[in-house]
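J.: To be precise about what I am sending: the file is called work_15.cif and holds mmCIF, C-alpha atoms and all ligand atoms.
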```cif
data_data
loop_
_atom_site.label_atom_id
_atom_site.label_comp_id
_atom_site.auth_asym_id
_atom_site.auth_seq_id
_atom_site.Cartn_x
_atom_site.Cartn_y
_atom_site.Cartn_z
CA MET A 19 -63.17 212.81 20.54
CA GLU A 20 -60.08 210.69 20.14
CA ILE A 21 -58.33 209.91 23.41
CA THR A 22 -54.60 210.53 23.12
CA ASN A 23 -53.48 210.38 26.73
CA VAL A 24 -54.43 208.78 30.02
CA SER A 25 -55.53 211.96 31.78
CA GLU A 26 -58.29 212.64 29.24
CA TYR A 27 -60.42 209.86 30.68
CA GLU A 28 -61.04 211.80 33.87
CA ALA A 29 -63.27 214.44 32.26
CA ILE A 30 -65.33 211.73 30.54
CA ALA A 31 -65.71 209.82 33.81
CA LYS A 32 -66.76 213.00 35.58
CA GLU A 33 -69.51 213.55 33.08
CA LYS A 34 -70.74 209.96 33.18
CA LEU A 35 -70.64 209.18 36.89
CA PRO A 36 -72.94 210.32 39.69
CA LYS A 37 -71.26 213.13 41.64
CA MET A 38 -70.91 211.02 44.79
CA VAL A 39 -69.04 208.31 42.88
CA TYR A 40 -66.79 210.62 40.86
CA ASP A 41 -65.86 212.57 43.98
CA TYR A 42 -65.01 209.37 45.86
CA TYR A 43 -62.67 208.25 43.07
CA ALA A 44 -61.06 211.60 42.40
CA SER A 45 -60.52 213.18 45.77
CA GLY A 46 -57.63 213.28 48.16
CA ALA A 47 -57.46 214.07 51.85
CA GLU A 48 -58.13 217.50 53.40
CA ASP A 49 -56.38 220.34 51.47
CA GLN A 50 -55.40 217.87 48.74
CA TRP A 51 -51.86 219.31 48.74
CA THR A 52 -50.32 215.89 48.35
CA LEU A 53 -52.81 215.09 45.57
CA LYS A 54 -51.45 217.94 43.45
CA GLU A 55 -47.89 217.31 44.54
CA ASN A 56 -48.04 213.66 43.40
CA ARG A 57 -48.30 215.08 39.87
CA ASN A 58 -46.27 218.26 40.24
CA ALA A 59 -43.23 216.46 41.61
CA PHE A 60 -42.96 214.39 38.43
CA SER A 61 -42.88 217.59 36.39
CA ARG A 62 -39.83 218.84 38.28
CA ILE A 63 -37.75 215.82 37.27
CA LEU A 64 -36.01 216.33 33.96
CA PHE A 65 -34.24 214.05 31.54
CA ARG A 66 -30.58 213.69 30.59
CA PRO A 67 -31.10 211.73 27.38
CA ARG A 68 -28.25 209.91 25.66
CA VAL A 69 -28.08 210.06 21.88
CA LEU A 70 -26.75 207.92 19.07
CA VAL A 71 -27.57 204.67 20.78
CA ASP A 72 -28.92 202.00 18.44
CA VAL A 73 -32.54 201.89 19.59
CA SER A 74 -33.93 199.68 16.85
CA ASN A 75 -34.87 197.04 19.44
CA ILE A 76 -36.51 197.93 22.74
CA ASP A 77 -37.42 195.44 25.46
CA VAL A 78 -39.80 196.64 28.19
CA THR A 79 -40.50 193.24 29.71
CA THR A 80 -39.62 192.63 33.34
CA SER A 81 -40.01 190.25 36.20
CA VAL A 82 -41.91 190.90 39.44
CA LEU A 83 -41.51 188.42 42.32
CA GLY A 84 -40.37 185.92 39.71
CA PHE A 85 -43.33 186.48 37.39
CA LYS A 86 -42.55 187.64 33.89
CA ILE A 87 -44.71 190.56 32.80
CA SER A 88 -44.93 192.60 29.62
CA MET A 89 -43.98 195.97 31.14
CA PRO A 90 -43.19 197.56 34.52
CA ILE A 91 -46.69 199.06 34.75
CA MET A 92 -49.23 197.31 36.98
CA ILE A 93 -52.70 197.96 38.36
CA ALA A 94 -53.05 199.25 41.93
CA PRO A 95 -55.92 198.09 44.14
CA THR A 96 -58.90 200.43 43.99
CA ALA A 97 -62.09 199.74 45.86
CA MET A 98 -65.64 199.31 44.56
CA LEU A 99 -65.08 199.29 40.81
CA LYS A 100 -68.65 198.31 39.96
CA MET A 101 -69.64 201.87 40.79
CA ALA A 102 -67.58 202.82 37.72
CA HIS A 103 -68.83 200.07 35.40
CA PRO A 104 -71.13 197.06 35.81
CA GLU A 105 -68.24 194.70 35.03
CA GLY A 106 -65.95 196.47 37.49
CA GLU A 107 -63.10 194.34 38.81
CA CYS A 108 -63.66 191.54 36.26
CA ALA A 109 -63.30 193.90 33.29
CA THR A 110 -60.15 195.29 34.89
CA ALA A 111 -58.72 191.82 35.43
CA ARG A 112 -59.36 190.92 31.79
CA ALA A 113 -57.70 194.12 30.57
CA ALA A 114 -54.63 193.49 32.76
CA SER A 115 -54.36 189.94 31.58
CA ALA A 116 -54.69 190.98 27.91
CA ALA A 117 -51.88 193.48 28.44
CA GLY A 118 -49.74 190.81 30.10
CA THR A 119 -49.47 192.62 33.40
CA ILE A 120 -50.53 192.30 37.03
CA MET A 121 -53.80 193.44 38.56
CA THR A 122 -54.15 193.94 42.29
CA LEU A 123 -57.65 193.28 43.59
CA SER A 124 -58.82 195.41 46.53
CA SER A 125 -60.18 193.78 49.69
CA TRP A 126 -63.11 196.10 49.12
CA GLY A 127 -63.83 194.93 45.62
CA THR A 128 -67.43 194.75 44.49
CA SER A 129 -66.38 191.41 42.94
CA SER A 130 -64.93 188.56 44.95
CA VAL A 131 -61.55 186.85 44.64
CA GLU A 132 -63.36 183.84 43.14
CA GLU A 133 -65.20 185.94 40.55
CA VAL A 134 -62.00 187.67 39.47
CA ALA A 135 -60.15 184.35 39.29
CA ALA A 136 -62.93 183.00 37.06
CA THR A 137 -62.23 185.63 34.38
CA GLY A 138 -59.37 183.45 33.14
CA PRO A 139 -55.62 183.22 33.46
CA GLY A 140 -53.60 186.17 34.70
CA ILE A 141 -51.10 187.10 37.38
CA ARG A 142 -52.98 188.76 40.23
CA PHE A 143 -52.18 190.14 43.66
CA PHE A 144 -54.64 190.54 46.51
CA GLN A 145 -54.66 193.74 48.58
CA LEU A 146 -55.39 193.13 52.24
CA TYR A 147 -57.00 195.33 54.86
CA VAL A 148 -56.64 193.70 58.25
CA PHE A 149 -59.95 193.58 60.08
CA LYS A 150 -60.32 193.36 63.86
CA ASP A 151 -61.74 189.89 63.45
CA ARG A 152 -58.68 187.88 62.51
CA ASN A 153 -60.80 184.90 61.45
CA VAL A 154 -62.16 187.09 58.70
CA VAL A 155 -58.62 187.91 57.60
CA THR A 156 -57.46 184.30 57.68
CA GLN A 157 -60.43 183.13 55.65
CA LEU A 158 -59.96 185.88 53.09
CA VAL A 159 -56.25 185.23 52.64
CA ARG A 160 -56.90 181.50 52.22
CA ARG A 161 -59.57 182.23 49.61
CA ALA A 162 -57.18 184.49 47.71
CA GLU A 163 -54.52 181.80 47.84
CA ARG A 164 -56.95 179.12 46.62
CA SER A 165 -58.09 181.43 43.83
CA GLY A 166 -54.54 181.60 42.50
CA PHE A 167 -53.53 185.08 43.64
CA LYS A 168 -49.74 185.31 43.72
CA ALA A 169 -49.00 187.87 46.46
CA ILE A 170 -50.58 189.84 49.27
CA ALA A 171 -50.27 193.63 49.16
CA LEU A 172 -50.71 194.55 52.82
CA THR A 173 -51.93 198.13 53.11
CA VAL A 174 -50.30 199.75 56.13
CA ASP A 175 -51.34 203.39 55.82
CA THR A 176 -54.99 203.07 56.81
CA PRO A 177 -55.56 202.52 60.54
CA ARG A 178 -58.32 205.09 60.00
CA LEU A 179 -59.62 206.51 56.77
CA GLY A 180 -58.14 209.85 55.70
CA ARG A 181 -60.49 212.80 55.83
CA ARG A 182 -61.90 213.18 52.35
CA GLU A 183 -64.20 216.12 52.62
CA SER A 184 -66.30 215.53 49.52
CA ASP A 185 -67.19 212.05 50.85
CA ILE A 186 -68.34 213.71 54.07
CA LYS A 187 -70.39 216.32 52.19
CA ASN A 188 -71.89 213.67 49.87
CA ARG A 189 -72.56 211.24 52.75
CA PHE A 190 -70.70 208.68 50.66
CA VAL A 191 -72.06 205.14 50.84
CA LEU A 192 -71.84 202.06 48.60
CA PRO A 193 -74.96 202.06 46.38
CA PRO A 194 -77.49 199.51 47.70
CA HIS A 195 -77.35 197.21 44.63
CA LEU A 196 -73.65 196.55 45.34
CA THR A 197 -71.76 194.82 48.14
CA LEU A 198 -68.16 194.42 49.24
CA LYS A 199 -68.25 190.97 47.70
CA ASN A 200 -65.33 189.44 49.59
CA PHE A 201 -67.14 190.05 52.86
CA GLU A 202 -70.67 189.20 51.76
CA GLY A 203 -70.80 185.79 53.41
CA LEU A 204 -69.23 187.21 56.54
CA ASP A 205 -72.01 189.71 57.11
CA LEU A 206 -69.63 192.60 56.49
CA GLY A 207 -70.54 193.30 52.88
CA GLN A 208 -72.79 196.28 53.50
CA MET A 209 -71.95 199.84 54.42
CA GLU A 210 -74.32 201.84 56.63
CA ARG A 211 -75.35 205.33 55.59
CA THR A 212 -74.04 207.66 58.30
CA ALA A 213 -73.94 211.37 59.09
CA ASP A 214 -70.55 211.65 57.34
CA SER A 215 -68.62 209.26 55.08
CA GLY A 216 -70.12 205.77 55.28
CA LEU A 217 -66.74 204.33 54.34
CA ALA A 218 -64.94 206.21 57.11
CA SER A 219 -67.42 204.76 59.63
CA TYR A 220 -67.01 201.27 58.15
CA VAL A 221 -63.24 201.53 58.53
CA ALA A 222 -63.56 202.86 62.08
CA SER A 223 -65.71 199.92 63.10
CA GLN A 224 -63.98 197.07 61.21
CA VAL A 225 -60.32 197.84 60.50
CA ASP A 226 -57.80 196.89 63.19
CA ARG A 227 -56.02 200.01 64.35
CA SER A 228 -53.66 197.98 66.50
CA LEU A 229 -52.01 196.56 63.36
CA ASN A 230 -48.22 196.70 63.75
CA TRP A 231 -45.01 195.12 62.49
CA LYS A 232 -45.58 191.93 64.53
CA ASP A 233 -48.66 191.34 62.42
CA VAL A 234 -46.54 191.22 59.28
CA LYS A 235 -44.87 188.21 60.88
CA TRP A 236 -48.26 186.83 61.92
CA LEU A 237 -49.47 187.10 58.33
CA GLN A 238 -46.56 184.91 57.28
CA THR A 239 -47.83 182.20 59.62
CA ILE A 240 -51.16 182.05 57.82
CA THR A 241 -49.94 182.26 54.22
CA GLN A 242 -47.10 181.13 52.00
CA LEU A 243 -47.71 184.04 49.63
CA PRO A 244 -45.08 186.79 49.43
CA ILE A 245 -46.10 190.00 51.21
CA LEU A 246 -45.69 193.45 49.70
CA VAL A 247 -45.93 196.22 52.29
CA LYS A 248 -47.96 198.99 50.67
CA GLY A 249 -47.74 202.50 52.06
CA VAL A 250 -44.12 202.94 53.17
CA LEU A 251 -42.68 206.46 52.78
CA THR A 252 -39.49 206.46 54.86
CA ALA A 253 -36.09 204.77 55.01
CA GLU A 254 -36.77 203.82 58.64
CA ASP A 255 -39.90 201.85 57.82
CA ALA A 256 -38.29 200.32 54.74
CA LYS A 257 -35.59 198.77 56.92
CA ILE A 258 -38.13 197.40 59.40
CA ALA A 259 -40.18 195.99 56.54
CA ILE A 260 -37.20 193.93 55.40
CA GLN A 261 -36.61 192.65 58.94
CA ALA A 262 -40.29 191.76 59.19
CA GLY A 263 -39.97 189.54 56.13
CA ALA A 264 -41.56 191.69 53.42
CA ALA A 265 -40.95 190.42 49.89
CA GLY A 266 -41.26 193.93 48.51
CA ILE A 267 -42.27 197.49 49.31
CA ILE A 268 -44.76 199.73 47.58
CA VAL A 269 -43.89 203.37 48.17
CA SER A 270 -47.37 204.83 48.30
CA ASN A 271 -49.37 207.62 49.92
CA HIS A 272 -52.61 205.90 48.95
CA GLY A 273 -53.14 208.27 46.04
CA ALA A 274 -52.98 211.20 48.52
CA ARG A 275 -56.12 209.97 50.26
CA GLN A 276 -54.71 209.37 53.74
CA LEU A 277 -52.28 211.82 55.39
CA ASP A 278 -52.19 215.15 53.58
CA TYR A 279 -48.78 216.93 53.34
CA VAL A 280 -46.76 213.77 52.99
CA PRO A 281 -44.38 214.17 50.07
CA ALA A 282 -45.17 213.05 46.57
CA THR A 283 -44.27 209.39 46.31
CA ILE A 284 -41.78 210.04 43.50
CA THR A 285 -39.92 212.30 45.96
CA ALA A 286 -39.93 209.68 48.73
CA LEU A 287 -38.92 206.81 46.47
CA GLU A 288 -35.17 207.31 46.44
CA GLU A 289 -34.71 207.31 50.21
CA VAL A 290 -36.54 203.99 50.38
CA VAL A 291 -34.52 202.55 47.50
CA GLN A 292 -31.28 203.56 49.21
CA ALA A 293 -32.35 202.07 52.54
CA VAL A 294 -33.36 198.80 50.91
CA ARG A 295 -30.00 198.38 49.12
CA GLY A 296 -31.41 196.01 46.54
CA GLN A 297 -32.46 193.39 49.10
CA ILE A 298 -36.09 193.41 47.96
CA PRO A 299 -37.86 195.14 45.06
CA VAL A 300 -39.31 198.60 45.59
CA PHE A 301 -42.40 199.73 43.69
CA VAL A 302 -44.13 203.10 43.61
CA ASP A 303 -47.62 204.40 42.95
CA GLY A 304 -49.22 207.86 42.96
CA GLY A 305 -49.70 210.28 40.10
CA VAL A 306 -48.30 208.09 37.32
CA ARG A 307 -50.04 209.39 34.19
CA ARG A 308 -47.34 209.32 31.51
CA GLY A 309 -44.73 206.96 30.16
CA THR A 310 -42.17 209.58 31.15
CA ASP A 311 -43.34 209.16 34.78
CA VAL A 312 -42.68 205.43 34.57
CA PHE A 313 -39.17 206.08 33.25
CA LYS A 314 -38.47 208.57 36.06
CA ALA A 315 -39.60 206.06 38.68
CA LEU A 316 -37.33 203.37 37.24
CA ALA A 317 -34.41 205.80 37.04
CA LEU A 318 -34.91 206.44 40.76
CA GLY A 319 -34.67 202.73 41.46
CA ALA A 320 -38.23 201.38 41.28
CA THR A 321 -38.75 197.91 39.85
CA GLY A 322 -42.16 198.93 38.59
CA VAL A 323 -45.12 201.26 39.08
CA PHE A 324 -48.79 200.82 39.88
CA ILE A 325 -51.61 203.01 38.58
CA GLY A 326 -54.90 203.72 40.37
CA ARG A 327 -57.17 206.46 39.08
CA PRO A 328 -56.30 206.07 35.38
CA VAL A 329 -57.82 202.59 35.59
CA VAL A 330 -60.92 203.75 37.45
CA PHE A 331 -61.63 206.63 35.06
CA SER A 332 -61.01 204.67 31.86
CA LEU A 333 -63.17 201.84 33.22
CA ALA A 334 -65.97 204.34 33.85
CA ALA A 335 -65.58 205.84 30.39
CA ASP A 336 -65.25 202.70 28.31
CA GLY A 337 -65.19 199.51 30.42
CA GLU A 338 -62.58 196.87 29.64
CA ALA A 339 -61.63 198.62 26.37
CA GLY A 340 -60.85 201.79 28.28
CA VAL A 341 -58.52 200.02 30.71
CA ARG A 342 -56.82 198.21 27.83
CA LYS A 343 -56.28 201.52 26.09
CA VAL A 344 -54.79 203.13 29.22
CA LEU A 345 -52.32 200.27 29.59
CA GLN A 346 -51.45 200.43 25.89
CA MET A 347 -50.96 204.21 25.87
CA LEU A 348 -48.70 204.10 28.93
CA ARG A 349 -46.71 201.28 27.44
CA ASP A 350 -46.29 203.13 24.11
CA GLU A 351 -45.27 206.36 25.85
CA PHE A 352 -42.83 204.51 28.07
CA GLU A 353 -41.26 202.77 25.07
CA LEU A 354 -40.92 206.09 23.27
CA THR A 355 -39.28 207.64 26.34
CA MET A 356 -36.76 204.80 26.35
CA VAL A 357 -36.01 205.29 22.65
CA LEU A 358 -35.55 209.04 23.03
CA SER A 359 -33.36 208.58 26.13
CA GLY A 360 -31.15 205.96 24.53
CA CYS A 361 -32.20 203.02 26.71
CA ARG A 362 -32.95 199.63 25.18
CA THR A 363 -33.73 197.59 28.27
CA LEU A 364 -34.95 198.46 31.74
CA LYS A 365 -31.47 197.72 33.07
CA GLU A 366 -30.08 200.48 30.89
CA ILE A 367 -32.23 203.09 32.62
CA THR A 368 -29.98 204.69 35.23
CA ARG A 369 -29.96 207.51 37.72
CA HIS A 370 -27.82 209.45 35.24
CA HIS A 371 -30.73 209.63 32.81
CA ILE A 372 -32.61 212.07 35.04
CA LYS A 373 -31.98 215.22 36.98
CA THR A 374 -33.87 216.00 40.18
CA GLU A 375 -34.09 219.18 42.22
CA TRP A 376 -32.26 217.45 45.07
CA ASP A 377 -29.25 216.59 42.93
CA PRO A 378 -26.12 218.65 43.51
CA PRO A 379 -25.27 220.86 40.52
CA ARG A 380 -23.72 218.65 37.91
CA LEU A 381 -20.61 220.05 36.22
CA ALA A 382 -18.67 218.67 33.31
CA PRO A 383 -15.01 218.08 34.34
CA SER A 384 -13.61 221.07 32.42
CA GLN A 385 -16.54 223.28 33.33
CA GLY A 386 -16.07 222.16 36.92
CA LYS A 387 -12.53 223.46 36.87
CA ASP A 388 -13.63 226.78 35.42
CA MET A 389 -16.33 227.12 38.02
CA GLU A 390 -13.90 226.28 40.78
CA HIS A 391 -11.53 228.88 39.45
CA LEU A 392 -14.28 231.46 39.24
CA PHE A 393 -15.44 230.67 42.74
CA HIS A 394 -11.86 230.99 44.02
CA GLU A 395 -11.39 234.31 42.28
CA ARG A 396 -14.65 235.72 43.63
CA HIS A 397 -13.89 234.47 47.08
CA CYS A 398 -10.37 236.01 46.98
CA MET A 399 -11.78 239.25 45.64
CA PHE A 400 -14.15 239.32 48.54
CA VAL A 401 -11.31 238.70 50.98
CA ARG A 402 -9.12 241.30 49.22
CA VAL A 403 -11.79 243.93 48.97
CA ARG A 404 -12.99 243.80 52.51
CA PRO A 405 -9.96 245.29 54.32
CA LYS A 406 -9.87 248.07 51.73
CA ALA A 407 -13.52 248.82 52.24
CA ALA A 408 -12.96 248.79 55.97
CA SER A 409 -10.09 251.25 55.76
CA ASN A 410 -12.23 253.73 53.80
C1 LIG B 501 -60.85 205.31 44.23
C2 LIG B 501 -59.66 204.72 44.92
C3 LIG B 501 -59.82 203.60 45.72
C4 LIG B 501 -58.72 203.03 46.35
N1 LIG B 501 -58.89 201.90 47.08
C5 LIG B 501 -57.83 201.31 47.66
C6 LIG B 501 -57.96 200.09 48.37
O1 LIG B 501 -59.04 199.54 48.48
N2 LIG B 501 -56.87 199.57 48.95
C7 LIG B 501 -55.63 200.16 48.85
O2 LIG B 501 -54.65 199.66 49.40
N3 LIG B 501 -55.47 201.30 48.14
C8 LIG B 501 -56.53 201.88 47.55
N4 LIG B 501 -56.35 203.03 46.82
C9 LIG B 501 -54.99 203.55 46.60
C10 LIG B 501 -54.38 202.93 45.35
O3 LIG B 501 -54.06 201.58 45.55
C11 LIG B 501 -53.09 203.65 44.91
O4 LIG B 501 -52.22 203.71 46.02
C12 LIG B 501 -53.33 205.06 44.37
O5 LIG B 501 -54.56 205.13 43.68
C13 LIG B 501 -52.21 205.47 43.43
O6 LIG B 501 -52.36 206.79 43.02
P1 LIG B 501 -53.04 207.23 41.63
O7 LIG B 501 -54.50 207.07 41.79
O8 LIG B 501 -52.63 208.66 41.52
O9 LIG B 501 -52.47 206.36 40.54
C14 LIG B 501 -57.44 203.62 46.19
C15 LIG B 501 -57.30 204.75 45.39
C16 LIG B 501 -58.38 205.30 44.75
C17 LIG B 501 -58.17 206.49 43.87
#
```
Take the structure from the file and write it as structure tokens.

T.:
Amino acid sequence: MEITNVSEYEAIAKEKLPKMVYDYYASGAEDQWTLKENRNAFSRILFRPRVLVDVSNIDVTTSVLGFKISMPIMIAPTAMLKMAHPEGECATARAASAAGTIMTLSSWGTSSVEEVAATGPGIRFFQLYVFKDRNVVTQLVRRAERSGFKAIALTVDTPRLGRRESDIKNRFVLPPHLTLKNFEGLDLGQMERTADSGLASYVASQVDRSLNWKDVKWLQTITQLPILVKGVLTAEDAKIAIQAGAAGIIVSNHGARQLDYVPATITALEEVVQAVRGQIPVFVDGGVRRGTDVFKALALGATGVFIGRPVVFSLAADGEAGVRKVLQMLRDEFELTMVLSGCRTLKEITRHHIKTEWDPPRLAPSQGKDMEHLFHERHCMFVRVRPKAASN
């Protein structure tokens, strides 16, 4: 069957992968309300396209932390990609590089920073989980730096792992032929099988729950790399992130895998953008499956988006070629959305090109007058009628 959109890879992946692995990739936390909402919220945002703009030339290139990339679509960190495909993180890195965009490698990759770096040139970020043992963290960050990674995406929404019930039912554990490669030499590469999710137990024993804003400053003492704070959902935290020296913010709910009933990220994005006031770039991930989603995110003020599951599922279905195809399809759809909305560059995408459910009703000037008139008349009628009704 010919694949014509990103979402179609999920069914193929489901068929190909062992149940434990597919469930780990696909699921969200608890009731999975946020998981559905991450998608549904996009569908409630509509377009206000402009017509008769000369769209014979479209430019989707952009710049992220000073690095020129081919499009505002990047790869989010997802753990343990060799469960999806034997070439895992390395195939993903090659696909990102071929597409001219950024890949973020997870701390919990089944390939190391060095192995990913050895795939060839490419702009890459390293996602960091802060372990209790800060020597482990320092060593890892230094290795990422030495391997040419360009930024640290510090994940701040995971002091404990969210409750993913299928992982508990499946007794999820990393298959024995694989390791968390970045931690192999540190004796932390294995995951014990436990009576619930092996990953949840691993997090509980290794990840530092005391992590706080002071540590963002501490991180800047051990690395020169810019730090993106990944997992911010509020204006309050966005402001603190700037004070703490963040170079950027990723509005993320971890693909709905941590706290259930947080809003869809596309709904939380604008409050963060407004709080940040253009001081640092704001990115978003969660539920991006269409070029139209990318456009909506940019219209709400994002500098770019990251995608998680589409990469995992296409990798499982077709390895590097699958990931390349996902990136190409999203790029094509995004370009088409720009053409049909009358935008030639990313700068031309504005808040006026979309309509959200939290926007006040938008009235054309003349229509506005009519409506005002109508409202006034109704209101007066109500005022006029009432005494009459009362006297009856
Ligand atoms: C299977 C899987 C593994 C993930 N692993 C990590 C991780 O190791 N570190 C991290 O910061 N986020 C991780 N995430 C979250 C992603 O970085 C990203 O926030 C999320 O997948 C975006 O939503 P989407 O999958 O709907 O595109 C993971 C997500 C999935 C689905």

J.: Show me which residues are within 9 Å of ligand LIG 501 (chain B) counting only C-alpha atoms and all ligand atoms, and format the list as a PyMOL selection string.

T.: chain A and resi 39-46+53+56-57+93-99+122-127+145-147+171-176+248-249+268-275+302-307+324-330

J.: Could you save those same residues with C-alpha atoms as a PDB file, in the frame of the given file?

T.:
```pdb
ATOM      1  CA  VAL A  39     -69.040 208.310  42.880  1.00  0.00           C
ATOM      2  CA  TYR A  40     -66.790 210.620  40.860  1.00  0.00           C
ATOM      3  CA  ASP A  41     -65.860 212.570  43.980  1.00  0.00           C
ATOM      4  CA  TYR A  42     -65.010 209.370  45.860  1.00  0.00           C
ATOM      5  CA  TYR A  43     -62.670 208.250  43.070  1.00  0.00           C
ATOM      6  CA  ALA A  44     -61.060 211.600  42.400  1.00  0.00           C
ATOM      7  CA  SER A  45     -60.520 213.180  45.770  1.00  0.00           C
ATOM      8  CA  GLY A  46     -57.630 213.280  48.160  1.00  0.00           C
ATOM      9  CA  LEU A  53     -52.810 215.090  45.570  1.00  0.00           C
ATOM     10  CA  ASN A  56     -48.040 213.660  43.400  1.00  0.00           C
ATOM     11  CA  ARG A  57     -48.300 215.080  39.870  1.00  0.00           C
ATOM     12  CA  ILE A  93     -52.700 197.960  38.360  1.00  0.00           C
ATOM     13  CA  ALA A  94     -53.050 199.250  41.930  1.00  0.00           C
ATOM     14  CA  PRO A  95     -55.920 198.090  44.140  1.00  0.00           C
ATOM     15  CA  THR A  96     -58.900 200.430  43.990  1.00  0.00           C
ATOM     16  CA  ALA A  97     -62.090 199.740  45.860  1.00  0.00           C
ATOM     17  CA  MET A  98     -65.640 199.310  44.560  1.00  0.00           C
ATOM     18  CA  LEU A  99     -65.080 199.290  40.810  1.00  0.00           C
ATOM     19  CA  THR A 122     -54.150 193.940  42.290  1.00  0.00           C
ATOM     20  CA  LEU A 123     -57.650 193.280  43.590  1.00  0.00           C
ATOM     21  CA  SER A 124     -58.820 195.410  46.530  1.00  0.00           C
ATOM     22  CA  SER A 125     -60.180 193.780  49.690  1.00  0.00           C
ATOM     23  CA  TRP A 126     -63.110 196.100  49.120  1.00  0.00           C
ATOM     24  CA  GLY A 127     -63.830 194.930  45.620  1.00  0.00           C
ATOM     25  CA  GLN A 145     -54.660 193.740  48.580  1.00  0.00           C
ATOM     26  CA  LEU A 146     -55.390 193.130  52.240  1.00  0.00           C
ATOM     27  CA  TYR A 147     -57.000 195.330  54.860  1.00  0.00           C
ATOM     28  CA  ALA A 171     -50.270 193.630  49.160  1.00  0.00           C
ATOM     29  CA  LEU A 172     -50.710 194.550  52.820  1.00  0.00           C
ATOM     30  CA  THR A 173     -51.930 198.130  53.110  1.00  0.00           C
ATOM     31  CA  VAL A 174     -50.300 199.750  56.130  1.00  0.00           C
ATOM     32  CA  ASP A 175     -51.340 203.390  55.820  1.00  0.00           C
ATOM     33  CA  THR A 176     -54.990 203.070  56.810  1.00  0.00           C
ATOM     34  CA  LYS A 248     -47.960 198.990  50.670  1.00  0.00           C
ATOM     35  CA  GLY A 249     -47.740 202.500  52.060  1.00  0.00           C
ATOM     36  CA  ILE A 268     -44.760 199.730  47.580  1.00  0.00           C
ATOM     37  CA  VAL A 269     -43.890 203.370  48.170  1.00  0.00           C
ATOM     38  CA  SER A 270     -47.370 204.830  48.300  1.00  0.00           C
ATOM     39  CA  ASN A 271     -49.370 207.620  49.920  1.00  0.00           C
ATOM     40  CA  HIS A 272     -52.610 205.900  48.950  1.00  0.00           C
ATOM     41  CA  GLY A 273     -53.140 208.270  46.040  1.00  0.00           C
ATOM     42  CA  ALA A 274     -52.980 211.200  48.520  1.00  0.00           C
ATOM     43  CA  ARG A 275     -56.120 209.970  50.260  1.00  0.00           C
ATOM     44  CA  VAL A 302     -44.130 203.100  43.610  1.00  0.00           C
ATOM     45  CA  ASP A 303     -47.620 204.400  42.950  1.00  0.00           C
ATOM     46  CA  GLY A 304     -49.220 207.860  42.960  1.00  0.00           C
ATOM     47  CA  GLY A 305     -49.700 210.280  40.100  1.00  0.00           C
ATOM     48  CA  VAL A 306     -48.300 208.090  37.320  1.00  0.00           C
ATOM     49  CA  ARG A 307     -50.040 209.390  34.190  1.00  0.00           C
ATOM     50  CA  PHE A 324     -48.790 200.820  39.880  1.00  0.00           C
ATOM     51  CA  ILE A 325     -51.610 203.010  38.580  1.00  0.00           C
ATOM     52  CA  GLY A 326     -54.900 203.720  40.370  1.00  0.00           C
ATOM     53  CA  ARG A 327     -57.170 206.460  39.080  1.00  0.00           C
ATOM     54  CA  PRO A 328     -56.300 206.070  35.380  1.00  0.00           C
ATOM     55  CA  VAL A 329     -57.820 202.590  35.590  1.00  0.00           C
ATOM     56  CA  VAL A 330     -60.920 203.750  37.450  1.00  0.00           C
TER      57      VAL A 330
END
```

J.: Pick from A:Lys37, A:Ile284, A:Arg295, A:Ile240: nearest to Ala253 of chain A, with all atoms listed in the file counted?

T.: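 Distance minimum relative to Ala253 of chain A lands on A:Arg295.
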
J.: Have a look at A:Gln292, A:Ile141, A:Arg349, A:Glu132 and name the one nearest to Ala114 of chain A; count all atoms listed in the file.

T.: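 Checking each candidate against Ala114 of chain A, we get A:Ile141 as the closest.
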
J.: What gap, in Å, lies between atom CA of Lys168 of chain A and atom CA of Thr363 of chain A?

T.: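 For atom CA of Lys168 of chain A relative to atom CA of Thr363 of chain A, the distance reads 25.4 Å.
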
J.: Taking (-48.4, 196.7, 65.0) in the file's coordinates as the center, which residues reach within 12 Å of it, counting all atoms listed in the file, put as a ChimeraX atom specification?

T.: /A:148,174-175,177,226-237,258-259,262
